[in-house]
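Chemist: Please find run.tsv (TSV, C-alpha atoms) on the next line:
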chain	number	residue	atom	x	y	z
A	1	MET	CA	6.01	10.89	29.83
A	2	GLU	CA	6.25	14.10	27.80
A	3	PRO	CA	3.17	14.67	25.60
A	4	ARG	CA	3.86	13.64	22.00
A	5	ASP	CA	3.78	16.36	19.36
A	6	PRO	CA	1.46	14.90	16.69
A	7	PHE	CA	2.98	17.14	14.01
A	8	ALA	CA	6.64	16.33	14.70
A	9	THR	CA	8.08	13.80	12.25
A	10	ALA	CA	10.40	12.57	15.01
A	11	THR	CA	7.32	11.38	16.97
A	12	TYR	CA	6.94	8.55	14.45
A	13	ASP	CA	10.46	7.19	14.75
A	14	TYR	CA	11.47	3.86	16.27
A	15	GLU	CA	14.52	1.63	16.46
A	16	LEU	CA	14.50	-1.42	14.19
A	17	PRO	CA	17.34	-3.96	14.01
A	18	PRO	CA	18.11	-4.42	10.29
A	19	GLU	CA	17.83	-8.22	10.55
A	20	LEU	CA	14.10	-7.86	11.28
A	21	ILE	CA	13.43	-6.48	7.77
A	22	ALA	CA	11.92	-9.50	6.01
A	23	GLN	CA	13.70	-10.36	2.77
A	24	SER	CA	11.26	-13.11	1.76
A	25	PRO	CA	7.68	-13.99	2.66
A	26	ALA	CA	6.54	-16.69	5.07
A	27	ALA	CA	6.53	-20.21	3.61
A	28	ARG	CA	2.73	-20.07	3.54
A	29	ARG	CA	0.89	-16.76	3.30
A	30	ASP	CA	-1.31	-17.17	6.37
A	31	GLU	CA	1.54	-18.49	8.56
A	32	ALA	CA	2.65	-14.89	9.18
A	33	ARG	CA	2.34	-13.68	12.76
A	34	LEU	CA	-0.46	-11.29	13.68
A	35	LEU	CA	-0.12	-8.77	16.50
A	36	VAL	CA	-3.59	-7.77	17.74
A	37	VAL	CA	-3.75	-4.27	19.21
A	38	GLU	CA	-7.00	-3.70	21.07
A	39	GLY	CA	-8.49	-0.24	21.46
A	40	HIS	CA	-7.27	0.12	25.06
A	41	GLY	CA	-3.75	-0.94	24.06
A	42	GLU	CA	-3.72	-4.57	25.18
A	43	LEU	CA	-1.68	-6.80	22.88
A	44	ARG	CA	-2.29	-10.37	21.79
A	45	HIS	CA	0.01	-12.56	19.72
A	46	ARG	CA	-1.70	-14.64	17.02
A	47	ARG	CA	-1.14	-16.14	13.57
A	48	PHE	CA	-2.81	-14.66	10.50
A	49	SER	CA	-4.73	-17.91	10.11
A	50	ASP	CA	-6.44	-17.01	13.43
A	51	LEU	CA	-8.22	-14.09	11.75
A	52	PRO	CA	-11.67	-15.77	11.72
A	53	ARG	CA	-11.54	-15.88	15.53
A	54	LEU	CA	-11.26	-12.08	15.61
A	55	LEU	CA	-14.31	-11.41	13.44
A	56	SER	CA	-18.05	-11.97	13.79
A	57	ARG	CA	-20.89	-12.89	11.48
A	58	GLY	CA	-22.02	-9.80	9.59
A	59	ASP	CA	-18.64	-8.03	9.69
A	60	VAL	CA	-17.37	-6.97	6.27
A	61	ILE	CA	-13.75	-7.13	5.09
A	62	VAL	CA	-12.80	-4.57	2.44
A	63	ALA	CA	-9.62	-5.33	0.46
A	64	ASN	CA	-7.74	-3.64	-2.39
A	65	ASP	CA	-7.84	-5.78	-5.54
A	66	THR	CA	-5.18	-3.84	-7.44
A	67	ARG	CA	-2.57	-5.84	-9.33
A	68	VAL	CA	1.11	-4.90	-9.44
A	69	LEU	CA	2.46	-3.97	-12.85
A	70	ARG	CA	5.75	-5.37	-14.15
A	71	ALA	CA	6.72	-1.72	-14.25
A	72	ARG	CA	10.51	-1.67	-13.77
A	73	PHE	CA	12.72	-1.62	-16.88
A	74	ARG	CA	16.49	-1.71	-17.31
A	75	PRO	CA	17.15	-0.26	-20.78
A	76	LYS	CA	20.47	0.90	-22.20
A	77	ARG	CA	21.36	4.52	-22.93
A	78	LYS	CA	22.61	5.60	-26.36
A	79	ARG	CA	26.26	4.89	-25.55
A	80	GLY	CA	25.55	1.66	-23.72
A	81	GLY	CA	25.29	2.94	-20.18
A	82	ALA	CA	22.72	1.38	-17.86
A	83	ALA	CA	19.42	3.12	-17.11
A	84	GLN	CA	16.36	2.31	-15.09
A	85	VAL	CA	12.75	3.35	-15.71
A	86	LEU	CA	9.85	2.78	-13.34
A	87	LEU	CA	6.39	3.39	-14.76
A	88	LEU	CA	4.06	5.12	-12.28
A	89	HIS	CA	0.75	5.50	-14.12
A	90	PRO	CA	-0.60	6.51	-17.56
A	91	ALA	CA	-0.08	10.20	-18.36
A	92	GLN	CA	-2.50	12.56	-20.07
A	93	ALA	CA	-1.32	12.10	-23.65
A	94	PRO	CA	-2.47	8.80	-25.21
A	95	GLY	CA	0.19	6.09	-24.96
A	96	SER	CA	2.36	8.06	-22.55
A	97	TRP	CA	3.30	7.28	-18.96
A	98	LEU	CA	4.54	9.15	-15.92
A	99	ALA	CA	7.77	7.47	-14.84
A	100	MET	CA	10.81	7.72	-12.62
A	101	ALA	CA	14.18	7.41	-14.37
A	102	ARG	CA	17.80	6.85	-13.38
A	103	PRO	CA	20.49	8.05	-13.55
A	104	GLY	CA	18.61	11.24	-12.84
A	105	ARG	CA	20.74	13.80	-14.67
A	106	ARG	CA	21.60	11.62	-17.66
A	107	VAL	CA	18.13	10.58	-18.79
A	108	ARG	CA	16.66	13.63	-20.50
A	109	PRO	CA	13.83	14.56	-22.89
A	110	GLY	CA	14.68	13.39	-26.39
A	111	ASP	CA	16.62	10.32	-25.22
A	112	ARG	CA	15.67	6.93	-26.62
A	113	LEU	CA	16.55	4.08	-24.28
A	114	THR	CA	16.92	0.64	-25.84
A	115	LEU	CA	15.35	-2.60	-24.60
A	116	GLU	CA	16.09	-4.54	-27.82
A	117	ASP	CA	16.86	-3.62	-31.42
A	118	GLY	CA	14.08	-1.27	-32.54
A	119	ILE	CA	12.31	-1.46	-29.18
A	120	GLY	CA	12.64	0.86	-26.23
A	121	ILE	CA	11.46	3.83	-24.20
A	122	GLU	CA	11.47	7.43	-25.39
A	123	ILE	CA	11.77	10.26	-22.85
A	124	LEU	CA	9.24	12.89	-23.91
A	125	ASP	CA	9.41	15.54	-21.21
A	126	TRP	CA	10.11	16.41	-17.60
A	127	ALA	CA	7.35	16.08	-15.02
A	128	PRO	CA	6.96	17.63	-11.54
A	129	GLY	CA	9.29	16.29	-8.86
A	130	GLY	CA	11.96	15.22	-11.36
A	131	ASP	CA	9.82	12.48	-12.94
A	132	ARG	CA	9.54	11.97	-16.72
A	133	ILE	CA	6.84	11.56	-19.33
A	134	VAL	CA	7.74	8.54	-21.46
A	135	ARG	CA	6.32	6.30	-24.16
A	136	PHE	CA	7.36	3.01	-25.71
A	137	PHE	CA	8.49	2.72	-29.31
A	138	GLY	CA	8.43	-0.46	-31.39
A	139	ILE	CA	6.11	-2.15	-28.89
A	140	GLU	CA	2.90	-1.60	-26.94
A	141	ALA	CA	3.16	-0.97	-23.20
A	142	GLU	CA	1.40	-4.19	-22.16
A	143	GLU	CA	3.68	-6.37	-24.29
A	144	ALA	CA	6.73	-4.44	-23.08
A	145	MET	CA	5.79	-5.16	-19.47
A	146	GLU	CA	5.28	-8.81	-20.26
A	147	ARG	CA	8.55	-9.21	-22.15
A	148	PHE	CA	10.94	-6.82	-20.43
A	149	GLY	CA	9.31	-5.60	-17.23
A	150	GLU	CA	10.21	-6.64	-13.68
A	151	THR	CA	8.08	-6.64	-10.54
A	152	PRO	CA	9.19	-3.49	-8.68
A	153	LEU	CA	10.01	-4.79	-5.22
A	154	PRO	CA	10.63	-2.20	-2.47
A	155	PRO	CA	14.19	-0.84	-2.15
A	156	TYR	CA	14.82	-2.59	1.17
A	157	ILE	CA	14.50	-6.04	-0.48
A	158	ARG	CA	18.16	-6.72	-1.27
A	159	ALA	CA	17.62	-9.73	-3.56
A	160	ALA	CA	14.33	-10.84	-5.04
A	161	PRO	CA	13.21	-14.30	-3.90
A	162	PRO	CA	12.60	-16.80	-6.74
A	163	ASP	CA	8.81	-16.56	-6.39
A	164	ALA	CA	8.71	-12.77	-5.97
A	165	ALA	CA	6.48	-12.16	-8.99
A	166	GLU	CA	3.80	-14.44	-7.51
A	167	ARG	CA	4.26	-13.68	-3.80
A	168	TYR	CA	4.23	-9.89	-4.32
A	169	GLN	CA	0.64	-10.17	-5.59
A	170	THR	CA	-2.42	-10.85	-3.48
A	171	VAL	CA	-4.37	-13.99	-4.37
A	172	TYR	CA	-7.34	-11.77	-5.27
A	173	ALA	CA	-5.38	-9.22	-7.36
A	174	LYS	CA	-7.41	-8.35	-10.43
A	175	ARG	CA	-7.02	-4.80	-11.77
A	176	LEU	CA	-3.62	-3.84	-13.19
A	177	GLY	CA	-2.39	-0.45	-12.09
A	178	SER	CA	-0.01	-0.44	-9.10
A	179	VAL	CA	3.75	-0.18	-8.74
A	180	ALA	CA	3.64	-1.56	-5.20
A	181	ALA	CA	1.55	-4.29	-3.61
A	182	PRO	CA	-1.11	-3.61	-0.98
A	183	THR	CA	1.00	-5.73	1.34
A	184	ALA	CA	-1.49	-6.37	4.16
A	185	GLY	CA	-3.43	-8.48	1.67
A	186	LEU	CA	-0.46	-10.73	0.89
A	187	HIS	CA	-1.32	-12.87	3.94
A	188	PHE	CA	-4.70	-14.03	2.65
A	189	THR	CA	-5.14	-17.41	0.97
A	190	GLN	CA	-8.20	-18.50	-0.99
A	191	ALA	CA	-8.86	-21.07	1.75
A	192	LEU	CA	-8.81	-18.39	4.45
A	193	ILE	CA	-11.18	-16.17	2.48
A	194	ALA	CA	-13.51	-19.15	2.02
A	195	ALA	CA	-13.37	-19.90	5.76
A	196	LEU	CA	-14.27	-16.30	6.60
A	197	ARG	CA	-17.22	-16.37	4.21
A	198	ALA	CA	-18.37	-19.69	5.66
A	199	ASP	CA	-18.42	-17.99	9.07
A	200	GLY	CA	-20.72	-15.26	7.73
A	201	VAL	CA	-18.04	-12.60	7.29
A	202	ALA	CA	-18.67	-10.61	4.11
A	203	TRP	CA	-15.82	-10.02	1.65
A	204	THR	CA	-15.70	-7.16	-0.84
A	205	THR	CA	-13.03	-5.26	-2.76
A	206	ILE	CA	-12.26	-1.75	-3.92
A	207	THR	CA	-9.33	-0.63	-6.10
A	208	LEU	CA	-6.58	1.86	-5.27
A	209	ASP	CA	-3.58	2.01	-7.59
A	210	VAL	CA	-0.59	2.16	-5.26
A	211	GLY	CA	2.01	4.68	-6.41
A	212	ALA	CA	5.75	4.92	-5.78
A	213	GLY	CA	5.04	7.82	-3.43
A	214	THR	CA	4.06	5.24	-0.83
A	215	PHE	CA	7.82	4.74	-0.24
A	216	ARG	CA	8.62	8.45	-0.07
A	217	PRO	CA	9.89	9.32	3.41
A	218	VAL	CA	8.73	12.39	5.29
A	219	SER	CA	11.76	14.67	5.25
A	220	GLU	CA	10.08	17.75	6.74
A	221	VAL	CA	10.44	18.40	10.46
A	222	ASP	CA	6.71	19.21	10.63
A	223	ILE	CA	4.55	16.61	8.90
A	224	ARG	CA	2.06	19.29	7.84
A	225	HIS	CA	4.66	20.51	5.31
A	226	HIS	CA	4.99	17.09	3.64
A	227	PHE	CA	3.91	16.92	-0.02
A	228	MET	CA	1.51	13.98	-0.23
A	229	HIS	CA	1.38	11.94	-3.43
A	230	ALA	CA	-1.92	11.33	-5.22
A	231	GLU	CA	-3.42	7.93	-6.03
A	232	ARG	CA	-6.49	6.89	-8.01
A	233	TYR	CA	-9.18	4.74	-6.42
A	234	ALA	CA	-12.54	3.27	-7.40
A	235	ILE	CA	-15.32	1.97	-5.16
A	236	GLY	CA	-17.98	-0.13	-6.83
A	237	GLU	CA	-21.68	-0.35	-6.04
A	238	ASP	CA	-21.30	-3.79	-4.42
A	239	ALA	CA	-18.59	-2.59	-2.04
A	240	ALA	CA	-20.51	0.54	-1.09
A	241	ALA	CA	-23.65	-1.54	-0.44
A	242	ALA	CA	-21.77	-4.08	1.69
A	243	ILE	CA	-20.26	-1.32	3.83
A	244	ALA	CA	-23.62	0.43	4.21
A	245	ARG	CA	-25.30	-2.85	5.20
A	246	ALA	CA	-22.68	-3.54	7.88
A	247	ARG	CA	-23.13	-0.03	9.30
A	248	ILE	CA	-26.92	-0.27	9.37
A	249	GLU	CA	-26.82	-3.69	11.07
A	250	GLY	CA	-24.20	-2.66	13.63
A	251	HIS	CA	-21.37	-4.82	12.31
A	252	ARG	CA	-17.72	-3.90	11.82
A	253	VAL	CA	-16.00	-2.67	8.69
A	254	VAL	CA	-12.47	-4.11	8.50
A	255	ALA	CA	-10.04	-2.45	6.06
A	256	VAL	CA	-7.24	-4.58	4.64
A	257	GLY	CA	-4.29	-2.24	4.35
A	258	THR	CA	-3.59	1.45	4.51
A	259	THR	CA	-4.44	1.82	0.82
A	260	THR	CA	-7.96	0.54	1.38
A	261	LEU	CA	-8.41	2.73	4.43
A	262	ARG	CA	-7.15	5.80	2.58
A	263	ALA	CA	-9.69	5.25	-0.21
A	264	LEU	CA	-12.59	4.64	2.19
A	265	GLU	CA	-11.76	7.66	4.33
A	266	ASP	CA	-11.42	9.91	1.29
A	267	ALA	CA	-14.79	8.70	0.01
A	268	ARG	CA	-16.38	9.29	3.43
A	269	ARG	CA	-15.00	12.81	3.71
A	270	SER	CA	-15.91	13.65	0.11
A	271	SER	CA	-19.59	12.76	0.46
A	272	ALA	CA	-22.21	15.24	1.63
A	273	ASP	CA	-23.75	12.75	4.08
A	274	GLY	CA	-20.51	11.29	5.45
A	275	LEU	CA	-21.28	7.86	3.98
A	276	ILE	CA	-19.19	5.81	1.57
A	277	HIS	CA	-20.66	5.85	-1.93
A	278	ALA	CA	-19.58	4.26	-5.18
A	279	GLY	CA	-17.36	6.38	-7.38
A	280	GLU	CA	-13.89	7.04	-8.71
A	281	ARG	CA	-11.51	9.78	-7.60
A	282	TRP	CA	-7.89	10.80	-7.16
A	283	THR	CA	-6.88	11.42	-3.58
A	284	SER	CA	-3.92	13.15	-1.96
A	285	LEU	CA	-5.42	12.70	1.52
A	286	PHE	CA	-2.77	12.55	4.25
A	287	LEU	CA	-4.11	10.81	7.35
A	288	HIS	CA	-2.20	11.55	10.54
A	289	PRO	CA	-2.84	12.41	14.20
A	290	PRO	CA	-4.67	14.16	15.73
A	291	GLU	CA	-7.41	13.86	13.06
A	292	PRO	CA	-9.80	10.93	13.64
A	293	VAL	CA	-10.32	8.29	10.95
A	294	GLY	CA	-13.87	7.00	10.86
A	295	ALA	CA	-14.23	4.90	7.72
A	296	ALA	CA	-13.49	1.53	9.36
A	297	ASP	CA	-13.63	-0.15	12.75
A	298	ALA	CA	-10.49	-2.27	12.36
A	299	LEU	CA	-7.41	-2.20	10.17
A	300	ILE	CA	-5.21	-5.10	9.04
A	301	THR	CA	-1.79	-3.75	8.15
A	302	ASN	CA	1.87	-4.67	7.99
A	303	PHE	CA	4.64	-2.95	9.97
A	304	HIS	CA	5.76	0.26	8.28
A	305	LEU	CA	8.97	2.26	7.96
A	306	PRO	CA	9.88	4.81	10.62
A	307	ARG	CA	8.74	8.36	9.84
A	308	SER	CA	6.52	7.10	7.00
A	309	THR	CA	3.06	8.38	6.11
A	310	LEU	CA	1.77	4.81	6.48
A	311	LEU	CA	2.90	4.65	10.11
A	312	MET	CA	1.30	8.03	10.72
A	313	LEU	CA	-1.96	6.74	9.25
A	314	ALA	CA	-1.87	3.74	11.62
A	315	CYS	CA	-1.29	6.10	14.56
A	316	ALA	CA	-4.25	8.29	13.54
A	317	PHE	CA	-6.43	5.20	13.39
A	318	ALA	CA	-5.40	3.31	16.54
A	319	GLY	CA	-3.63	5.89	18.70
A	320	THR	CA	0.03	6.87	18.60
A	321	ASP	CA	0.88	5.41	22.01
A	322	ASN	CA	-0.92	2.15	21.18
A	323	VAL	CA	0.81	1.75	17.82
A	324	LEU	CA	4.33	2.72	18.87
A	325	GLY	CA	4.00	0.53	21.97
A	326	ALA	CA	2.98	-2.36	19.71
A	327	TYR	CA	6.01	-1.70	17.49
A	328	ARG	CA	8.34	-1.88	20.49
A	329	GLU	CA	6.70	-5.18	21.48
A	330	ALA	CA	7.06	-6.48	17.93
A	331	VAL	CA	10.78	-5.69	17.98
A	332	ARG	CA	11.20	-7.43	21.35
A	333	GLU	CA	9.31	-10.48	20.05
A	334	ARG	CA	11.27	-10.55	16.79
A	335	TYR	CA	8.40	-9.98	14.43
A	336	ARG	CA	9.31	-9.61	10.75
A	337	PHE	CA	8.86	-6.10	9.32
A	338	TYR	CA	7.75	-4.41	6.09
A	339	SER	CA	6.33	-5.82	2.85
A	340	PHE	CA	7.19	-9.50	3.28
A	341	GLY	CA	6.85	-9.35	7.05
A	342	ASP	CA	4.17	-10.00	9.65
A	343	ALA	CA	0.89	-8.15	10.23
A	344	MET	CA	-1.13	-6.23	12.80
A	345	PHE	CA	-4.84	-6.12	13.58
A	346	LEU	CA	-5.63	-2.63	14.90
A	347	GLU	CA	-8.89	-1.60	16.55
A	348	ASN	CA	-10.05	1.95	15.86
A	349	THR	CA	-9.68	4.46	18.68
A	350	SER	CA	-10.93	7.33	16.47
A	351	ALA	CA	-14.42	8.76	16.67
A	352	CYS	CA	-16.48	6.97	14.03
Just dump the structure as structure tokens.
Modeler:
Amino acid sequence: MEPRDPFATATYDYELPPELIAQSPAARRDEARLLVVEGHGELRHRRFSDLPRLLSRGDVIVANDTRVLRARFRPKRKRGGAAQVLLLHPAQAPGSWLAMARPGRRVRPGDRLTLEDGIGIEILDWAPGGDRIVRFFGIEAEEAMERFGETPLPPYIRAAPPDAAERYQTVYAKRLGSVAAPTAGLHFTQALIAALRADGVAWTTITLDVGAGTFRPVSEVDIRHHFMHAERYAIGEDAAAAIARARIEGHRVVAVGTTTLRALEDARRSSADGLIHAGERWTSLFLHPPEPVGAADALITNFHLPRSTLLMLACAFAGTDNVLGAYREAVRERYRFYSFGDAMFLENTSAC
């Protein structure tokens, strides 16, 4: 086999039959399938409910407790035409938000888009990358999201399932701030978390606000030229202490999702001693081969889009050959892909 070029975007491509893109979640969260990819590449087929059998007393699971905003709006333009606004995160000016808007050329600074008589969204200014700075008028942002906002499902979900607003949140979601769910965590139930804790597996959370950039494909031929979006994260004292305790005692740190792993790795690289400390930062860290990822020993993650930064992160963590081989196996075995699909348990092949 020809050596893979770790910087070529085409390295991270794979064939996926469209019917394997999950349009709705499993009937029960932990009924999803779980493909276990061991460090030497051996594969095992499990259910997510089997997770306690893969972990040991003293291991610590770190999950992202962000909550998805009802951030998508469908206001009307001045002459009645349809528009769409997706809030990304609060902007610098009080009460303003960074947002994406459509149709791109027809939603301009100075426009006032109507949600209801006297209530709507004002376009204040352009922002880098074609985004907008917006603010609500006639209503506060929180009330607007509650009354008019929609859960922003990924673009490959053709029709929202009836329970999308509930199933596109993790059962432990707490801190509002994301426009996309940390989907690896969607498979956990409160009963499964309780079973893990009863087995002596520690559970802790951090927060990373998932941005719309998570869906942005890599269009550059060389991944090193890709512009990586920034996301805010916060690691609390309890989480930092739980991770440190696991390291000292020789137990594993298990990251739930690429968002969690990105936050932990950024914190590790940002500290003078290479340890994970409590704190809050913005990160534009782009994890990809051949750089090692040492912040966790195992990663729970869903199956990601071809040529995506999330797939590249998984390859950096568990080895490109291992991960792409597992994807081919998942296609053969008819696993369900993407946000509402099945999951993987990846062992770290990086140098920790």
Chemist: Between A:Glu166, A:Asp125, A:Glu38, A:Asp50, single out the one closest to A:Pro25, counting all atoms listed in the file.
Modeler: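 Ranking A:Glu166, A:Asp125, A:Glu38, A:Asp50 by distance to A:Pro25, first place goes to A:Glu166.
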Chemist: Looking at A:Ile121, A:Ala99, A:Ala71, A:Ala184, which one is nearest to A:Thr151, with distances taken over only C-alpha atoms?
Modeler: A:Ala71
Chemist: Return the single residue from A:His89, A:Arg328, A:His225, A:Arg252 that is closest to A:Ala298, with distances computed using all atoms listed in the file.
Modeler: A:Arg252
Chemist: Please determine, counting all atoms listed in the file, which residue among A:Val253, A:Val221, A:Leu305, A:Leu43 has the shortest atom-to-atom distance to A:Pro6.
Modeler: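 Ranked by minimum distance to A:Pro6, first place goes to A:Val221.
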Chemist: Leaving out stretch 321-325 of chain A and any residue of its chain fewer than 4 positions from it, which residues lie within 8 Å of it when counting all atoms listed in the file, given as a list in words?
Modeler: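 The contact residues come out as Tyr12, Tyr14, Val37, Gly39, His40, Gly41, Ala314, Cys315 and Glu329 of chain A.
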Chemist: Quick one: pull the distance between atom CA of A:Thr214 and atom CA of A:Arg158, Å, one decimal.
Modeler: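 That distance, rounded to one decimal, is 18.5 Å.
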Chemist: From the set A:Phe337, A:Ala10, A:Gly294, A:Arg28, which residue has the shortest atom-to-atom contact distance to A:Gly274, counting only C-alpha atoms?
Modeler: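 The answer is A:Gly294, which sits nearest to A:Gly274.
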Chemist: Can you list, as a PyMOL selection string, every protein, DNA or RNA residue that comes within 12 Å of A:Tyr168 when you count all atoms listed in the file, leaving out same-chain residues fewer than 3 positions away?
Modeler: chain A and resi 23-26+29+66-70+150-154+157+160-165+171-173+178-187+339-341
Chemist: Which is closer to A:Pro3 than all the others in A:Thr320, A:Ala278, A:Gly138, A:Gly250, using all atoms listed in the file?
Modeler: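 Closest to A:Pro3, using all atoms listed in the file: A:Thr320.
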Chemist: Provide the atom CA of A:Lys174 to atom CA of A:Val36 distance in Å, to one decimal place.
Modeler: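 Rounded to one decimal, the two atoms are 28.4 Å apart.
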Chemist: Within 12 Å of A:Arg105, counting all atoms listed in the file, which residues show up once you throw out same-chain ones fewer than 4 positions away? Write them as an MDAnalysis selection string, please.
Modeler: chainID A and resid 83 100:101 109 111 126 130:132
Chemist: Using all atoms listed in the file, which residues sit within 9 Å of A:Gly110 once same-chain residues fewer than 6 positions away are excluded, as a PyMOL selection string?
Modeler: chain A and resi 122-125
Chemist: Can you work out the spacing between atom CA of A:Gly211 and atom CA of A:Arg47 in Å, to one decimal?
Modeler: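 Computing the Euclidean distance for atom CA of A:Gly211 and atom CA of A:Arg47 yields 29.0 Å.
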Chemist: Would you pick out the contacts of A:Asp266 at 12 Å or less, using all atoms listed in the file, so that residues sharing its chain but fewer than 2 positions from it are not included, and give the list as a PyMOL selection string?
Modeler: chain A and resi 208+230-235+258-264+268-271+274-287+293-296
